[in-house]
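A.B. asks: Got a structure for you, data_19.cif, holding mmCIF, C-alpha atoms.
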data_entry
#
loop_
_atom_site.label_atom_id
_atom_site.label_comp_id
_atom_site.auth_asym_id
_atom_site.auth_seq_id
_atom_site.Cartn_x
_atom_site.Cartn_y
_atom_site.Cartn_z
CA MET A 1 59.54 147.50 60.57
CA ASP A 2 59.02 150.38 63.01
CA GLU A 3 61.73 152.17 64.97
CA ARG A 4 61.14 150.19 68.17
CA GLN A 5 61.56 146.84 66.36
CA THR A 6 64.73 148.13 64.73
CA GLN A 7 66.21 149.05 68.12
CA MET A 8 65.30 145.64 69.50
CA MET A 9 67.02 143.86 66.62
CA VAL A 10 70.17 145.94 67.15
CA VAL A 11 70.24 145.05 70.85
CA LEU A 12 69.76 141.35 70.12
CA GLY A 13 72.54 141.50 67.58
CA ILE A 14 74.94 143.04 70.08
CA VAL A 15 74.05 140.36 72.64
CA ALA A 16 74.66 137.60 70.09
CA VAL A 17 78.05 139.01 69.12
CA GLY A 18 78.98 139.29 72.79
CA ALA A 19 78.04 135.66 73.36
CA VAL A 20 80.24 134.54 70.47
CA LEU A 21 83.17 136.57 71.74
CA ALA A 22 82.69 135.15 75.23
CA ALA A 23 82.67 131.61 73.86
CA VAL A 24 85.88 132.28 71.96
CA TYR A 25 87.85 134.28 74.52
CA ILE A 26 86.40 133.19 77.86
CA GLU A 27 85.96 129.48 77.15
CA PRO A 28 86.27 127.37 80.37
CA GLY A 29 88.96 125.23 78.79
CA GLU A 30 91.16 128.18 77.90
CA GLU A 31 94.86 127.75 78.69
CA THR A 32 96.12 129.63 81.75
CA ASP A 33 99.61 130.96 82.43
CA ASP A 34 100.28 127.83 84.50
CA ASP A 35 99.38 125.62 81.56
CA LEU A 36 101.93 127.42 79.43
CA VAL A 37 104.75 126.88 81.92
CA GLU A 38 106.80 123.76 81.25
CA THR A 39 106.75 121.34 84.19
CA GLU A 40 108.01 117.84 84.88
CA ASP A 41 107.37 114.94 87.22
CA LEU A 42 110.48 114.66 89.34
CA ALA A 43 110.26 111.01 90.41
CA GLU A 44 108.34 107.78 90.25
CA VAL A 45 108.52 106.02 93.58
CA ASP A 46 106.32 103.66 95.59
CA PRO A 47 106.54 102.88 99.32
CA SER A 48 107.60 99.34 98.40
CA ASP A 49 110.73 100.85 96.82
CA VAL A 50 111.75 102.65 100.03
CA THR A 51 113.85 101.17 102.84
CA SER A 52 114.27 104.31 104.94
CA LEU A 53 112.85 107.82 105.27
CA THR A 54 114.40 110.80 107.05
CA LEU A 55 112.41 113.99 107.61
CA VAL A 56 114.00 117.10 109.13
CA THR A 57 111.78 120.01 110.26
CA PRO A 58 111.98 122.65 113.00
CA GLU A 59 110.48 119.96 115.28
CA GLY A 60 113.58 117.78 114.90
CA THR A 61 114.53 114.69 112.92
CA LEU A 62 112.24 111.80 112.20
CA VAL A 63 113.68 108.52 110.93
CA ALA A 64 111.56 105.53 109.87
CA ASP A 65 112.60 102.19 108.39
CA HIS A 66 110.43 100.33 105.91
CA SER A 67 110.15 96.61 105.15
CA THR A 68 107.54 94.16 103.92
CA ASP A 69 106.03 94.32 107.43
CA GLY A 70 105.44 98.08 107.05
CA TRP A 71 106.99 101.13 108.69
CA ARG A 72 108.76 101.30 112.03
CA LEU A 73 109.91 104.47 113.77
CA VAL A 74 113.57 104.77 114.75
CA GLN A 75 113.77 108.44 115.80
CA PRO A 76 112.74 110.49 117.79
CA THR A 77 110.87 107.54 119.31
CA THR A 78 111.08 103.84 118.52
CA GLY A 79 108.08 101.66 117.87
CA SER A 80 105.28 100.93 115.45
CA ALA A 81 104.40 103.61 112.93
CA ASP A 82 101.32 104.82 111.11
CA ASP A 83 101.81 103.16 107.73
CA LYS A 84 99.31 105.31 105.86
CA ASN A 85 100.75 108.67 106.87
CA LEU A 86 104.32 107.63 106.11
CA ASP A 87 103.20 106.22 102.77
CA ASP A 88 101.67 109.63 102.08
CA LEU A 89 105.11 111.24 102.39
CA VAL A 90 106.44 108.85 99.74
CA PHE A 91 103.46 109.56 97.50
CA LEU A 92 104.13 113.29 97.91
CA VAL A 93 107.50 112.76 96.18
CA ASP A 94 105.96 110.43 93.61
CA ARG A 95 103.36 113.04 92.61
CA LEU A 96 105.68 116.05 92.83
CA VAL A 97 105.39 118.30 89.79
CA ALA A 98 107.78 121.22 89.45
CA GLU A 99 108.85 123.82 86.92
CA LYS A 100 112.29 123.87 85.36
CA PRO A 101 115.14 125.19 87.56
CA ILE A 102 115.17 128.99 87.79
CA ALA A 103 118.30 129.78 85.83
CA GLY A 104 120.84 131.93 87.64
CA ALA A 105 118.81 132.07 90.89
CA ALA A 106 120.49 131.41 94.23
CA LEU A 107 118.97 128.97 96.68
CA SER A 108 119.21 131.56 99.43
CA GLU A 109 116.86 133.90 97.55
CA PHE A 110 114.01 131.45 98.14
CA GLY A 111 114.67 130.24 101.68
CA LEU A 112 116.54 127.14 100.58
CA ASP A 113 119.80 127.97 102.35
CA GLN A 114 117.89 127.05 105.54
CA PRO A 115 115.01 124.85 104.34
CA THR A 116 111.78 124.66 106.32
CA ALA A 117 111.79 120.88 105.76
CA THR A 118 114.04 118.31 104.13
CA MET A 119 113.13 114.72 103.27
CA THR A 120 115.42 111.94 102.09
CA LEU A 121 114.15 108.61 100.79
CA THR A 122 116.63 105.72 100.64
CA LEU A 123 115.64 103.18 98.00
CA SER A 124 116.20 99.44 97.92
CA ASP A 125 118.95 99.84 95.29
CA GLY A 126 120.89 102.13 97.63
CA SER A 127 120.12 105.36 95.78
CA THR A 128 118.41 108.33 97.42
CA LEU A 129 115.80 110.93 96.56
CA LYS A 130 116.15 114.24 98.38
CA LEU A 131 113.66 117.08 98.58
CA ALA A 132 114.19 120.38 100.42
CA VAL A 133 111.41 122.96 100.79
CA GLY A 134 111.95 126.70 101.17
CA ASP A 135 109.56 129.63 100.97
CA ASP A 136 105.97 129.36 99.79
CA THR A 137 104.87 131.51 96.88
CA PRO A 138 102.60 134.45 97.77
CA VAL A 139 99.88 133.10 95.48
CA GLY A 140 99.24 129.93 93.58
CA TYR A 141 99.67 127.34 96.36
CA LYS A 142 103.27 126.52 95.41
CA SER A 143 106.60 126.18 97.19
CA TYR A 144 110.19 126.77 96.17
CA ILE A 145 112.16 123.53 96.38
CA GLN A 146 115.62 122.13 95.89
CA TRP A 147 115.54 118.76 94.18
CA GLY A 148 118.45 116.49 94.99
CA ASP A 149 121.79 118.31 94.72
CA GLU A 150 120.64 120.85 92.16
CA SER A 151 122.17 124.29 92.67
CA GLU A 152 119.16 126.23 91.38
CA PRO A 153 115.66 126.34 92.91
CA ARG A 154 112.46 125.14 91.32
CA MET A 155 108.83 126.06 91.88
CA ALA A 156 106.67 123.04 92.85
CA LYS A 157 102.92 122.73 92.72
CA ALA A 158 100.66 121.73 95.67
CA GLN A 159 102.85 123.47 98.27
CA PRO A 160 104.70 120.36 99.62
CA SER A 161 105.73 122.34 102.70
CA ALA A 162 102.18 121.95 104.05
CA THR A 163 102.54 118.16 104.21
CA MET A 164 106.20 117.92 105.20
CA GLY A 165 105.72 120.36 108.08
CA LEU A 166 103.02 118.37 109.89
CA PRO A 167 103.72 117.27 113.52
CA PHE A 168 105.71 114.07 113.99
CA ASP A 169 103.01 112.56 116.21
CA ARG A 170 100.90 111.80 113.16
CA TYR A 171 103.52 109.22 112.08
CA ARG A 172 103.27 107.19 115.29
CA ASP A 173 101.09 104.12 115.56
CA ARG A 174 98.07 105.40 117.46
CA GLY A 175 96.89 102.02 118.68
CA VAL A 176 96.80 101.99 122.48
CA ILE A 177 96.79 98.27 123.13
CA GLU A 178 96.99 95.08 121.09
CA LEU A 179 94.94 92.12 122.23
CA VAL A 180 93.10 89.06 121.00
CA GLU A 181 89.70 89.27 122.68
CA THR A 182 89.07 85.53 122.82
CA ALA A 183 92.47 84.92 124.46
CA ILE A 184 91.80 87.19 127.46
CA GLN A 185 90.86 85.13 130.53
CA THR A 186 90.84 87.82 133.24
CA VAL A 187 89.66 91.42 133.37
CA ALA A 188 90.06 93.68 136.41
CA TRP A 189 89.46 97.31 137.33
CA LYS A 190 91.37 98.69 140.31
CA ALA A 191 90.15 102.03 141.63
CA GLY A 192 89.82 101.84 145.40
CA PRO A 193 88.18 99.31 147.72
CA ASP A 194 84.58 100.19 146.81
CA ASP A 195 84.95 100.48 143.03
CA SER A 196 87.37 97.66 142.20
CA TRP A 197 86.36 94.33 140.69
CA ALA A 198 87.86 91.36 138.86
CA VAL A 199 86.28 88.72 136.64
CA VAL A 200 87.47 85.41 135.25
CA ARG A 201 86.27 83.67 132.12
CA GLY A 202 84.63 80.41 133.10
CA ASP A 203 82.31 77.73 131.80
CA GLY A 204 79.29 79.59 130.50
CA GLY A 205 80.48 83.17 130.91
CA TRP A 206 82.36 85.61 133.13
CA PHE A 207 82.36 85.32 136.93
CA LEU A 208 83.50 87.50 139.79
CA GLU A 209 85.97 86.11 142.29
CA ASP A 210 83.14 85.47 144.77
CA GLY A 211 81.24 83.35 142.22
CA ARG A 212 78.65 85.88 141.09
CA ARG A 213 78.12 86.01 137.37
CA ALA A 214 79.20 89.10 135.42
CA LYS A 215 77.45 90.46 132.36
CA ALA A 216 79.17 88.87 129.38
CA SER A 217 77.91 91.65 127.09
CA VAL A 218 79.60 94.31 129.24
CA ILE A 219 82.93 92.48 129.60
CA ASP A 220 83.07 91.54 125.93
CA GLY A 221 82.20 95.13 125.04
CA MET A 222 85.09 96.39 127.18
CA LEU A 223 87.51 94.08 125.40
CA LYS A 224 86.27 95.20 122.00
CA GLU A 225 86.55 98.89 122.90
CA ALA A 226 90.01 98.46 124.41
CA GLY A 227 91.24 96.74 121.26
CA ALA A 228 89.90 99.58 119.12
CA LEU A 229 91.36 102.42 121.22
CA SER A 230 93.58 104.90 119.42
CA TYR A 231 95.49 107.90 120.66
CA GLU A 232 94.19 111.23 119.43
CA GLY A 233 97.31 113.00 120.66
CA PHE A 234 100.51 112.18 122.58
CA PHE A 235 101.50 114.13 125.70
CA SER A 236 104.75 112.62 126.95
CA ASP A 237 105.86 115.99 128.31
CA LEU A 238 103.09 116.09 130.93
CA THR A 239 103.91 115.22 134.52
CA ASP A 240 101.81 112.50 136.15
CA MET A 241 100.19 115.21 138.22
CA GLU A 242 99.23 117.24 135.15
CA ALA A 243 97.92 114.15 133.38
CA GLY A 244 95.75 113.09 136.29
CA LEU A 245 97.86 109.96 136.75
CA LEU A 246 98.93 110.77 140.30
CA PRO A 247 96.76 109.27 141.55
CA PRO A 248 95.05 107.78 138.48
CA ARG A 249 91.34 107.38 138.03
CA GLY A 250 92.03 103.67 137.94
CA GLU A 251 93.90 100.84 136.28
CA LEU A 252 92.37 98.41 133.83
CA PHE A 253 94.01 94.99 133.48
CA LEU A 254 93.22 92.82 130.46
CA GLY A 255 95.04 89.54 130.91
CA ASP A 256 98.71 90.45 131.25
CA GLN A 257 98.25 93.91 129.74
CA GLY A 258 97.27 97.07 131.54
CA LEU A 259 96.05 100.61 130.99
CA THR A 260 96.23 103.46 133.48
CA VAL A 261 93.39 105.94 133.13
CA GLY A 262 94.00 109.55 134.14
CA GLY A 263 92.09 112.79 133.90
CA GLU A 264 90.57 114.88 131.14
CA TYR A 265 92.99 116.78 128.93
CA ALA A 266 92.85 118.55 125.55
CA GLY A 267 89.30 117.42 124.90
CA GLY A 268 89.96 113.76 125.69
CA PHE A 269 90.98 111.44 128.50
CA ILE A 270 94.54 110.56 129.38
CA VAL A 271 95.56 106.90 129.05
CA ARG A 272 98.99 105.36 129.64
CA ASN A 273 99.71 101.92 128.20
CA MET A 274 102.34 99.41 129.29
CA LYS A 275 104.84 100.86 126.80
CA GLY A 276 104.70 104.08 128.81
CA GLU A 277 102.97 106.01 126.01
CA VAL A 278 100.80 108.81 127.37
CA GLY A 279 98.07 110.31 125.23
CA THR A 280 94.40 111.15 124.96
CA VAL A 281 91.54 108.97 123.77
CA GLY A 282 88.11 110.22 122.85
CA ARG A 283 86.08 108.52 125.55
CA ILE A 284 86.44 106.01 128.36
CA GLU A 285 82.82 105.23 129.26
CA GLY A 286 83.13 101.78 127.74
CA LEU A 287 86.25 101.02 129.80
CA VAL A 288 85.42 102.43 133.24
CA LYS A 289 82.64 100.39 134.83
CA PRO A 290 81.52 100.39 138.47
CA PRO A 291 80.77 97.01 140.06
CA GLY A 292 77.02 97.52 139.69
CA ASP A 293 77.35 97.68 135.91
CA ILE A 294 79.42 94.50 135.81
CA LEU A 295 77.09 92.21 137.73
CA GLU A 296 74.67 90.13 135.69
CA ASP A 297 71.17 91.04 136.89
CA ARG A 298 69.37 87.94 135.62
CA LEU A 299 69.22 84.78 137.66
CA LEU A 300 69.96 82.81 134.50
CA ALA A 301 72.22 84.74 132.15
CA VAL A 302 71.79 82.17 129.36
CA PRO A 303 68.26 80.79 128.92
CA LEU A 304 67.79 77.08 128.36
CA ALA A 305 67.07 76.43 124.68
CA GLY A 306 64.59 73.75 123.62
CA LEU A 307 62.92 73.46 127.04
CA ASP A 308 60.63 70.41 127.19
CA GLN A 309 60.12 69.62 130.91
CA VAL A 310 59.95 71.57 134.17
CA THR A 311 59.54 70.13 137.65
CA ALA A 312 58.59 72.30 140.64
CA LYS A 313 58.89 70.78 144.11
CA VAL A 314 58.29 72.16 147.58
CA PRO A 315 59.64 70.15 150.51
CA SER A 316 56.21 69.39 151.94
CA GLY A 317 54.32 68.58 148.73
CA SER A 318 54.30 66.47 145.61
CA PRO A 319 56.18 67.74 142.55
CA MET A 320 54.33 69.47 139.74
CA VAL A 321 55.52 68.56 136.25
CA TRP A 322 55.16 70.61 133.07
CA ALA A 323 55.91 68.62 129.92
CA SER A 324 55.93 69.35 126.19
CA ASP A 325 55.06 66.92 123.40
CA ALA A 326 53.69 67.08 119.88
CA GLU A 327 50.26 68.07 121.21
CA GLY A 328 51.55 70.95 123.34
CA TRP A 329 52.24 71.53 127.04
CA THR A 330 50.66 69.67 129.94
CA VAL A 331 50.68 70.16 133.72
CA ASP A 332 50.63 66.86 135.65
CA GLY A 333 49.21 65.20 132.53
CA GLU A 334 46.48 67.78 131.89
CA PRO A 335 46.53 70.45 129.16
CA ASP A 336 48.42 73.51 130.33
CA PRO A 337 46.19 76.60 130.07
CA LEU A 338 49.29 78.83 129.89
CA ASN A 339 50.91 76.64 127.21
CA GLY A 340 54.40 76.41 128.68
CA GLN A 341 54.57 79.61 130.74
CA THR A 342 56.05 77.63 133.61
CA PRO A 343 57.52 78.89 136.91
CA PHE A 344 60.92 78.36 135.30
CA SER A 345 59.98 80.89 132.59
CA LEU A 346 59.35 83.41 135.36
CA VAL A 347 62.68 82.68 137.04
CA SER A 348 64.52 82.94 133.71
CA ALA A 349 63.21 86.46 133.18
CA VAL A 350 63.51 87.83 136.70
CA LEU A 351 66.05 90.52 137.53
CA CYS A 352 67.93 89.94 140.78
CA ASP A 353 69.74 92.32 143.07
CA ARG A 354 73.24 91.02 142.41
CA THR A 355 74.87 93.64 144.59
CA VAL A 356 73.46 91.80 147.64
CA GLN A 357 75.23 88.54 148.35
CA PRO A 358 73.41 86.42 150.94
CA GLU A 359 75.51 84.38 153.33
CA SER A 360 73.68 81.08 152.95
CA LEU A 361 70.83 79.42 151.07
CA GLY A 362 69.12 78.31 154.29
CA GLU A 363 66.05 76.07 154.29
CA THR A 364 64.81 75.17 150.82
CA TRP A 365 61.49 76.74 149.88
CA LEU A 366 61.24 75.61 146.23
CA THR A 367 63.30 73.57 143.76
CA LEU A 368 62.86 74.07 140.03
CA THR A 369 64.43 71.67 137.54
CA ALA A 370 64.30 72.46 133.83
CA ARG A 371 65.34 70.04 131.14
CA SER A 372 65.94 70.09 127.41
CA MET A 373 67.24 67.38 125.12
CA THR A 374 70.83 68.40 125.89
CA ASP A 375 70.85 70.29 129.20
CA GLU A 376 69.38 70.33 132.67
CA ILE A 377 69.36 73.25 135.12
CA THR A 378 68.31 73.26 138.76
CA VAL A 379 67.38 76.43 140.62
CA VAL A 380 66.97 76.26 144.38
CA ILE A 381 65.11 79.02 146.24
CA GLY A 382 65.76 79.17 149.94
CA GLN A 383 65.17 81.31 153.01
CA GLU A 384 63.60 84.73 153.26
CA VAL A 385 65.92 87.68 153.73
CA ALA A 386 65.36 90.61 156.04
CA GLY A 387 64.20 93.51 153.91
CA GLY A 388 62.46 91.29 151.36
CA GLY A 389 63.13 88.54 148.88
CA ARG A 390 64.52 85.02 149.08
CA VAL A 391 67.95 83.56 148.53
CA ALA A 392 68.36 81.72 145.21
CA GLN A 393 71.05 79.62 143.61
CA ASP A 394 71.10 78.97 139.88
CA ARG A 395 73.06 75.74 139.99
CA THR A 396 74.21 73.35 142.67
CA ASP A 397 77.56 75.11 143.13
CA GLY A 398 76.54 78.53 141.83
CA PRO A 399 76.59 81.91 143.58
CA LEU A 400 73.88 82.93 146.02
CA MET A 401 71.73 85.87 144.97
CA LEU A 402 68.61 87.70 146.02
CA LEU A 403 65.30 86.86 144.29
CA PRO A 404 63.11 89.96 144.75
CA ASP A 405 59.77 89.93 146.57
CA VAL A 406 57.71 90.50 143.44
CA ALA A 407 59.12 87.33 141.85
CA VAL A 408 58.54 85.35 145.05
CA MET A 409 54.87 86.44 145.13
CA GLN A 410 54.40 85.52 141.47
CA LEU A 411 55.87 82.06 142.08
CA SER A 412 53.64 81.57 145.11
CA ALA A 413 50.55 82.48 143.08
CA ALA A 414 51.52 80.20 140.19
CA LEU A 415 52.16 77.20 142.46
CA GLY A 416 49.45 77.89 145.06
CA ILE A 417 51.88 77.94 147.96
#
Go through the file and emit its structure as structure tokens.

C.D. replies:
Amino acid sequence: MDERQTQMMVVLGIVAVGAVLAAVYIEPGEETDDDLVETEDLAEVDPSDVTSLTLVTPEGTLVADHSTDGWRLVQPTTGSADDKNLDDLVFLVDRLVAEKPIAGAALSEFGLDQPTATMTLTLSDGSTLKLAVGDDTPVGYKSYIQWGDESEPRMAKAQPSATMGLPFDRYRDRGVIELVETAIQTVAWKAGPDDSWAVVRGDGGWFLEDGRRAKASVIDGMLKEAGALSYEGFFSDLTDMEAGLLPPRGELFLGDQGLTVGGEYAGGFIVRNMKGEVGTVGRIEGLVKPPGDILEDRLLAVPLAGLDQVTAKVPSGSPMVWASDAEGWTVDGEPDPLNGQTPFSLVSAVLCDRTVQPESLGETWLTLTARSMTDEITVVIGQEVAGGGRVAQDRTDGPLMLLPDVAVMQLSAALGI
């Protein structure tokens, strides 16, 4: 073995010894100083055991009662509470791990003569669990605590001060409005004479007060979004002027409930519910709709299913009849070259200008009657309107609307009139 090989073997030997020493003395599972310190779980408690919770911080005093129905705030405000966040305070006590009391130490040495936060849980058997939090340790993510009426401080893991010192708003129920969508019969938006509208649930959909049909998808979407609204933050200290509520952007009425919509604030939009709660929500696009977005733009909002016969009649001519049987579609008894693409199919797909409301149907130009095994719909198309189009009515007592010129020309070509 030459000198170079000998040197290499020595180096490899040193590396191997180093690896063994590292495995022995720097093993990942090695005990730390914390592992050598004796600790104990201070309590076993579940939210179901608690009847009341009191939390005192520099913000004030929060009191919440608990029952089988969940949490309810008593102070500083009354009302529904956020069950999850209040449960988390109980779980903080349940999971609290602390070292033995520091023998001979005074509470005042660790900020416990004036605690940063104090929490008291009242249990169903009448007993209480009390936790006071003082200073945080410089390192180690721990806090000094007083447990119950002990006269000596302890050191607790997980720095409970971080959770107990959170703002009280997080314990409030953040739901803005409670509603059952299917029970709402009226929806209205009030925001000035040109932007206000109101709809009523009727047979076959939603309708404006003047009889025009509203888009069911839009109204139902508004109800769904309103029911899912939650406050991101509460701002009860704002004046109506500061919140954009004087005057408001508008008021939304959902049955007998209402929401007042204000301006932008703190990255959201101000909303005030009927309880008087003022706070921000993330967006309001789904709630604030101008009249043009509400109006249904199809002559027939719900197409006729299972169509098997269509009759088209002009006052001065004989009716044309499209019929469907097992062999296919016919027109006046002859095979239909378009196989059921009737004038009624055109009318079903046409988009009308619902913002224009004609005054009268006038002289009838064309009557279309469509029939299925269960339903029958009649559409009457009447007089021409200055500026283009003809007046149409989608049922005998339905609203008048404007059928655009392009649809009128297509009908004329299809019927040869």

A.B. asks: Please identify all polymer residues within 8 Å of Ala392 (chain A), counting only C-alpha atoms, omitting same-chain residues fewer than 6 positions from it, and present them as an mmCIF file with C-alpha atoms, in the frame of the given file.

C.D. replies:
data_model
loop_
_atom_site.group_PDB
_atom_site.id
_atom_site.type_symbol
_atom_site.label_atom_id
_atom_site.label_comp_id
_atom_site.auth_asym_id
_atom_site.auth_seq_id
_atom_site.Cartn_x
_atom_site.Cartn_y
_atom_site.Cartn_z
ATOM 1 C CA LEU A 361 70.830 79.420 151.070
ATOM 2 C CA VAL A 379 67.380 76.430 140.620
ATOM 3 C CA VAL A 380 66.970 76.260 144.380
ATOM 4 C CA ILE A 381 65.110 79.020 146.240
ATOM 5 C CA GLY A 382 65.760 79.170 149.940
ATOM 6 C CA LEU A 400 73.880 82.930 146.020
ATOM 7 C CA MET A 401 71.730 85.870 144.970
ATOM 8 C CA LEU A 402 68.610 87.700 146.020
ATOM 9 C CA LEU A 403 65.300 86.860 144.290
#

A.B. asks: Determine the residue membership of the PyMOL selection byres ((chain A and resi 178-186) around 10) for the file above and supply it as a list in words.

C.D. replies: Gly175, Val176, Ile177, Val187, Ala188, Ala198, Val199, Val200, Arg201, Gly202, Trp206, Phe207, Leu208, Ile219, Asp220, Gly221, Met222, Leu223, Lys224, Ala226, Gly227, Ala228, Leu229, Phe253, Leu254, Gly255, Asp256 and Gln257 of chain A

A.B. asks: How would the residues just chosen look if you wrote them out with C-alpha atoms as a short mmCIF file (atom, residue, chain, number, x, y, z; two decimals), keeping the file's coordinate frame?

C.D. replies:
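Heads up, here's the output in part-v5.cif:
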data_model
loop_
_atom_site.label_atom_id
_atom_site.label_comp_id
_atom_site.auth_asym_id
_atom_site.auth_seq_id
_atom_site.Cartn_x
_atom_site.Cartn_y
_atom_site.Cartn_z
CA GLY A 175 96.89 102.02 118.68
CA VAL A 176 96.80 101.99 122.48
CA ILE A 177 96.79 98.27 123.13
CA VAL A 187 89.66 91.42 133.37
CA ALA A 188 90.06 93.68 136.41
CA ALA A 198 87.86 91.36 138.86
CA VAL A 199 86.28 88.72 136.64
CA VAL A 200 87.47 85.41 135.25
CA ARG A 201 86.27 83.67 132.12
CA GLY A 202 84.63 80.41 133.10
CA TRP A 206 82.36 85.61 133.13
CA PHE A 207 82.36 85.32 136.93
CA LEU A 208 83.50 87.50 139.79
CA ILE A 219 82.93 92.48 129.60
CA ASP A 220 83.07 91.54 125.93
CA GLY A 221 82.20 95.13 125.04
CA MET A 222 85.09 96.39 127.18
CA LEU A 223 87.51 94.08 125.40
CA LYS A 224 86.27 95.20 122.00
CA ALA A 226 90.01 98.46 124.41
CA GLY A 227 91.24 96.74 121.26
CA ALA A 228 89.90 99.58 119.12
CA LEU A 229 91.36 102.42 121.22
CA PHE A 253 94.01 94.99 133.48
CA LEU A 254 93.22 92.82 130.46
CA GLY A 255 95.04 89.54 130.91
CA ASP A 256 98.71 90.45 131.25
CA GLN A 257 98.25 93.91 129.74
#

A.B. asks: Of the candidates A:Pro404, A:Pro76, A:Gly387, A:Gly362, which shows the shortest atom-to-atom distance to Val350 (chain A), using all atoms listed in the file?

C.D. replies: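 Of the candidates, the smallest distance to Val350 (chain A) is held by A:Pro404.
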
A.B. asks: If you count all atoms listed in the file, which residues fall within 9 Å of region 143-147 of chain A, apart from same-chain ones fewer than 6 positions away, as a PyMOL selection string?

C.D. replies: chain A and resi 42+98+101+107+110-112+115+129-137+153-161

A.B. asks: If we count all atoms listed in the file, what is near Ala81 (chain A) at a cut-off of 7 Å, once residues fewer than 4 positions away on the same chain are taken out, given as a list of chain:residue names?

C.D. replies: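 The contact residues come out as A:Trp71, A:Arg72, A:Leu73, A:Tyr171, A:Arg172, A:Asp173.
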
A.B. asks: Can you tell me which residues surround Phe168 (chain A) at a distance of at most 12 Å, considering only C-alpha atoms, apart from same-chain residues fewer than 4 positions away, and format the answer as a VMD selection string?

C.D. replies: chain A and resid 54 to 64 73 75 to 77 81 to 82 85 to 86 89 163 to 164 172 to 173 233 to 234

A.B. asks: Report as a PDB file with C-alpha atoms, in the frame of the given file the full result of the PyMOL selection byres ((chain A and resi 357) around 9) when it is applied to this structure.

C.D. replies:
ATOM      1  CA  ARG A 212      78.650  85.880 141.090  1.00  0.00           C
ATOM      2  CA  ASP A 353      69.740  92.320 143.070  1.00  0.00           C
ATOM      3  CA  ARG A 354      73.240  91.020 142.410  1.00  0.00           C
ATOM      4  CA  THR A 355      74.870  93.640 144.590  1.00  0.00           C
ATOM      5  CA  VAL A 356      73.460  91.800 147.640  1.00  0.00           C
ATOM      6  CA  PRO A 358      73.410  86.420 150.940  1.00  0.00           C
ATOM      7  CA  GLU A 359      75.510  84.380 153.330  1.00  0.00           C
ATOM      8  CA  SER A 360      73.680  81.080 152.950  1.00  0.00           C
ATOM      9  CA  VAL A 391      67.950  83.560 148.530  1.00  0.00           C
ATOM     10  CA  PRO A 399      76.590  81.910 143.580  1.00  0.00           C
ATOM     11  CA  LEU A 400      73.880  82.930 146.020  1.00  0.00           C
ATOM     12  CA  MET A 401      71.730  85.870 144.970  1.00  0.00           C
ATOM     13  CA  LEU A 402      68.610  87.700 146.020  1.00  0.00           C
TER      14      LEU A 402
END

A.B. asks: Translate the PyMOL selection byres ((chain A and resi 271) around 10) into a concrete residue list for this structure, as a list of chain:residue names.

C.D. replies: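 So the PyMOL selection byres ((chain A and resi 271) around 10) ends up selecting A:Val176, A:Leu229, A:Tyr231, A:Phe234, A:Phe235, A:Ala243, A:Gly244, A:Leu245, A:Pro248, A:Arg249, A:Glu251, A:Leu259, A:Thr260, A:Val261, A:Gly262, A:Gly263, A:Glu264, A:Gly268, A:Phe269, A:Ile270, A:Arg272, A:Asn273, A:Gly276, A:Glu277, A:Val278, A:Gly279, A:Thr280, A:Val281, A:Ile284.
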
A.B. asks: Determine, counting only C-alpha atoms, which protein, DNA and RNA residues have an atom within 12 Å of an atom of Asp336 (chain A); residues of the same chain fewer than 4 positions away are not included. Present the result as a ChimeraX atom specification.

C.D. replies: /A:320-325,327-332,340-342

A.B. asks: Would you put the residues from that selection into a file with C-alpha atoms, as a tab-separated table (two decimals), in the frame of the given file?

C.D. replies:
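Listed below is the output, out.tsv:
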chain	number	residue	atom	x	y	z
A	320	MET	CA	54.33	69.47	139.74
A	321	VAL	CA	55.52	68.56	136.25
A	322	TRP	CA	55.16	70.61	133.07
A	323	ALA	CA	55.91	68.62	129.92
A	324	SER	CA	55.93	69.35	126.19
A	325	ASP	CA	55.06	66.92	123.40
A	327	GLU	CA	50.26	68.07	121.21
A	328	GLY	CA	51.55	70.95	123.34
A	329	TRP	CA	52.24	71.53	127.04
A	330	THR	CA	50.66	69.67	129.94
A	331	VAL	CA	50.68	70.16	133.72
A	332	ASP	CA	50.63	66.86	135.65
A	340	GLY	CA	54.40	76.41	128.68
A	341	GLN	CA	54.57	79.61	130.74
A	342	THR	CA	56.05	77.63	133.61

A.B. asks: Work out how far apart CA of Ala106 (chain A) and CA of Leu121 (chain A) are and give it in Å to one decimal.

C.D. replies: 24.6 Å

A.B. asks: One decimal, in Å: what's the spacing between CA of Ser230 (chain A) and CA of Arg283 (chain A)?

C.D. replies: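 That distance, rounded to one decimal, is 10.3 Å.
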
A.B. asks: Up to 10 Å from (116.3, 107.5, 95.3) in the file's coordinates: name the residues, counting all atoms listed in the file, as a list in words.

C.D. replies: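 Nearby residues: Ala43, Glu44, Val45, Asp49, Val50, Thr120, Leu121, Thr122, Leu123, Ser124, Asp125, Gly126, Ser127, Thr128, Leu129, Lys130 and Gly148 of chain A.
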
A.B. asks: Give the answer as one residue: which of A:Val218, A:Val408, A:Leu346, A:Ile102 has the shortest atom-to-atom distance to Glu152 (chain A), using only C-alpha atoms?

C.D. replies: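 Between A:Val218, A:Val408, A:Leu346, A:Ile102, the residue approaching Glu152 (chain A) most closely is A:Ile102.
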
A.B. asks: What gap, in Å, lies between CA of Gln114 (chain A) and CA of Ala162 (chain A)?

C.D. replies: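 Taking CA of Gln114 (chain A) as the start and CA of Ala162 (chain A) as the end point, the length is 16.6 Å.
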
A.B. asks: Rank nothing, just name the residue among A:Gly416, A:Pro47, A:Gly165, A:Gly192 nearest to Val314 (chain A), using only C-alpha atoms.

C.D. replies: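 Residue with the minimum atom-to-atom distance to Val314 (chain A): A:Gly416.
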